[in-house]
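Have a look at the structure below before the remarks.
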Amino acid sequence: MKPREKYESRGLESLSDRELAAIVISSGSRGVHYRDIANNLVTELRKGSPDRPVDLETLSQVRGLGRVKSMQVLAGIELGRRLYQLYSSEKPRISSTKESVAQFEDIKYKKREYLKAIYLNARFELLHKEVIGVGNIDSLFIQPRDILLPALEKNALYIVMAHNHPSGVLDPSRQDIELTDRVGRVAKELGFVLLDHLIVAKNGWRRIVQKGSDLV
């Protein structure tokens with residue numbers, strides 16, 4: 001029985017991981033059967049973890065999958081993750097810098113520099129995560145509004161932003177410090193609070209202290 005037929009007759013829950021992947025793949029490519037692609041896809045996805053999920057470049061190397069279908073697979077996974085959070089009655093609570101750091105595990109191992117932010121309500125519950133930019137902080141034209149607009153849209157109060165240093169060096173650059181101070185100042189003027197700007201890397205993390213902050 002083909003995966004689609006099994007889905008219709010027995011329901012979604014009856015499908016194995018590979019059958020689910022086969023439905024997502026839907027067709028093969030030249031010289032590669034769709035079931036083989038699905039098997040290879042599941043094998044590759046299982047190599048990932050919450051801390052180090054499989055990325056587009058890795059998935060694109062699966063024989064017969066290609067870049068476009070890899071995007072579709074990863075987009076489907078991300079959509080499912082977001083909807084799961086949306087339907088969940090309990091929002092994760094971020095009550096310390098250490099817990100904030102855990103929200104940025106996915107960018108620690110990136111080979112390019114990512115700037116990401118999380119948004120919390122007045123009870124420090126996680127409302128939203130967003131990648132603000134990709135590239136080098138020195139070359140990214142990041143404005144405070146890029147970080148603060150999602151806070152306004154999600155009715156957040158607190159913001160934590162972080163970026164990774166692929167080199168592993170945790171020392172902040174002049175641009176890192178300037179961005180922290182600029183965002184913190186504008187956030188305060190608009191009624192938001194920038195709790196932290198963090199540098200994360202595979203070997204640890206570091207907080208960038210804002211000017212005038214009593215954090216140590």
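Residues are named by chain letter and number: chains run A, B, ... in the order of the structure tokens, numbers start at 1 in each chain, and ligands are numbered from 1 in the order shown.
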Proximity of range 61-180 of chain A to range 43-50 of chain A: per-residue shortest pair, 9 Å limit, only C-alpha atoms, as CSV:
```
residue,atom,partner,partner_atom,distance
A:Val62,CA,A:Glu44,CA,7.8
A:Glu105,CA,A:Pro50,CA,8.0
A:Asp106,CA,A:Pro50,CA,7.5
```
#### Entry: DSSP alpha helix (DSSP H) residues within range 17-204 of chain A, as a PyMOL selection string
chain A and resi 17-25+34-45+56-59+66-87+97-102+144-153+174-190
Nearest to Leu41 in chain A, restricted to only C-alpha atoms and choosing among A:Ala122, A:Val73, A:Leu12, A:Ile147, comes out as A:Val73
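Here the question is which of A:Leu148, A:Val169, A:Ile107, A:Val160 gets nearest to Val134 in chain A using only C-alpha atoms, and that residue is A:Ile107.
CA of Leu59 in chain A to CA of Tyr109 in chain A spans 16.0 Å [interatomic distance, one decimal].
For the set A:Ile25, A:Ile132, A:Ile208, A:Val42, the residue with the smallest atom-to-atom gap to Ile177 in chain A is A:Ile208, counting only C-alpha atoms.
Of the listed residues (A:Ile118, A:Val186, A:Ala201, A:Leu65), A:Leu65 comes nearest to Ser29 in chain A; the distances count only C-alpha atoms.
Considering the residues A:Ile94, A:Ile159, A:Leu170, A:Ile142 and counting only C-alpha atoms, Gly184 in chain A has its shortest atom-to-atom contact with A:Ile159.
Across the structure, CA of Gly204 in chain A and CA of Lys110 in chain A are spaced 13.8 Å apart.
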Counting only C-alpha atoms, the residue among A:Ser95, A:Gln143, A:Asn155, A:Thr58 that lies closest to His128 in chain A is A:Asn155
All residues 10 Å or closer to Gln210 in chain A, only C-alpha atoms, same chain fewer than 4 positions away omitted, as an MDAnalysis selection string:
chainID A and resid 177:185 194:197 214:216
(request) Within 12 Å of Leu74 in chain A, counting only C-alpha atoms, which residues show up once you throw out same-chain ones fewer than 3 positions away? Write them as number ranges by chain, please. (result) A: 21, 24-25, 41, 45, 53-60, 67-71, 77-81
Export of the given selection (C-alpha atoms) as a PDB file, in the first residue's frame:
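Listed below is the output, result.pdb:
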```
ATOM      1  CA  ALA A  21       8.716  11.691   4.397  1.00  0.00           C
ATOM      2  CA  VAL A  24       6.382  15.186   1.624  1.00  0.00           C
ATOM      3  CA  ILE A  25       8.813  14.208  -1.148  1.00  0.00           C
ATOM      4  CA  LEU A  41      16.027  11.977   4.246  1.00  0.00           C
ATOM      5  CA  LEU A  45      17.223  14.185   9.862  1.00  0.00           C
ATOM      6  CA  PRO A  53      19.330  20.682  13.795  1.00  0.00           C
ATOM      7  CA  VAL A  54      20.081  19.633  10.231  1.00  0.00           C
ATOM      8  CA  ASP A  55      20.505  22.675   8.016  1.00  0.00           C
ATOM      9  CA  LEU A  56      19.746  23.397   4.377  1.00  0.00           C
ATOM     10  CA  GLU A  57      23.275  22.841   3.137  1.00  0.00           C
ATOM     11  CA  THR A  58      23.464  19.390   4.738  1.00  0.00           C
ATOM     12  CA  LEU A  59      20.010  18.292   3.606  1.00  0.00           C
ATOM     13  CA  SER A  60      20.665  19.425   0.044  1.00  0.00           C
ATOM     14  CA  ARG A  67      17.756  22.352  -2.650  1.00  0.00           C
ATOM     15  CA  VAL A  68      14.106  23.249  -3.314  1.00  0.00           C
ATOM     16  CA  LYS A  69      12.683  20.092  -1.747  1.00  0.00           C
ATOM     17  CA  SER A  70      15.113  20.509   1.144  1.00  0.00           C
ATOM     18  CA  MET A  71      13.637  23.961   1.724  1.00  0.00           C
ATOM     19  CA  ILE A  77       9.324  21.143  10.153  1.00  0.00           C
ATOM     20  CA  GLU A  78       9.494  24.788  11.234  1.00  0.00           C
ATOM     21  CA  LEU A  79       5.772  25.299  10.587  1.00  0.00           C
ATOM     22  CA  GLY A  80       4.953  22.258  12.711  1.00  0.00           C
ATOM     23  CA  ARG A  81       7.195  23.534  15.514  1.00  0.00           C
TER      24      ARG A  81
END
```
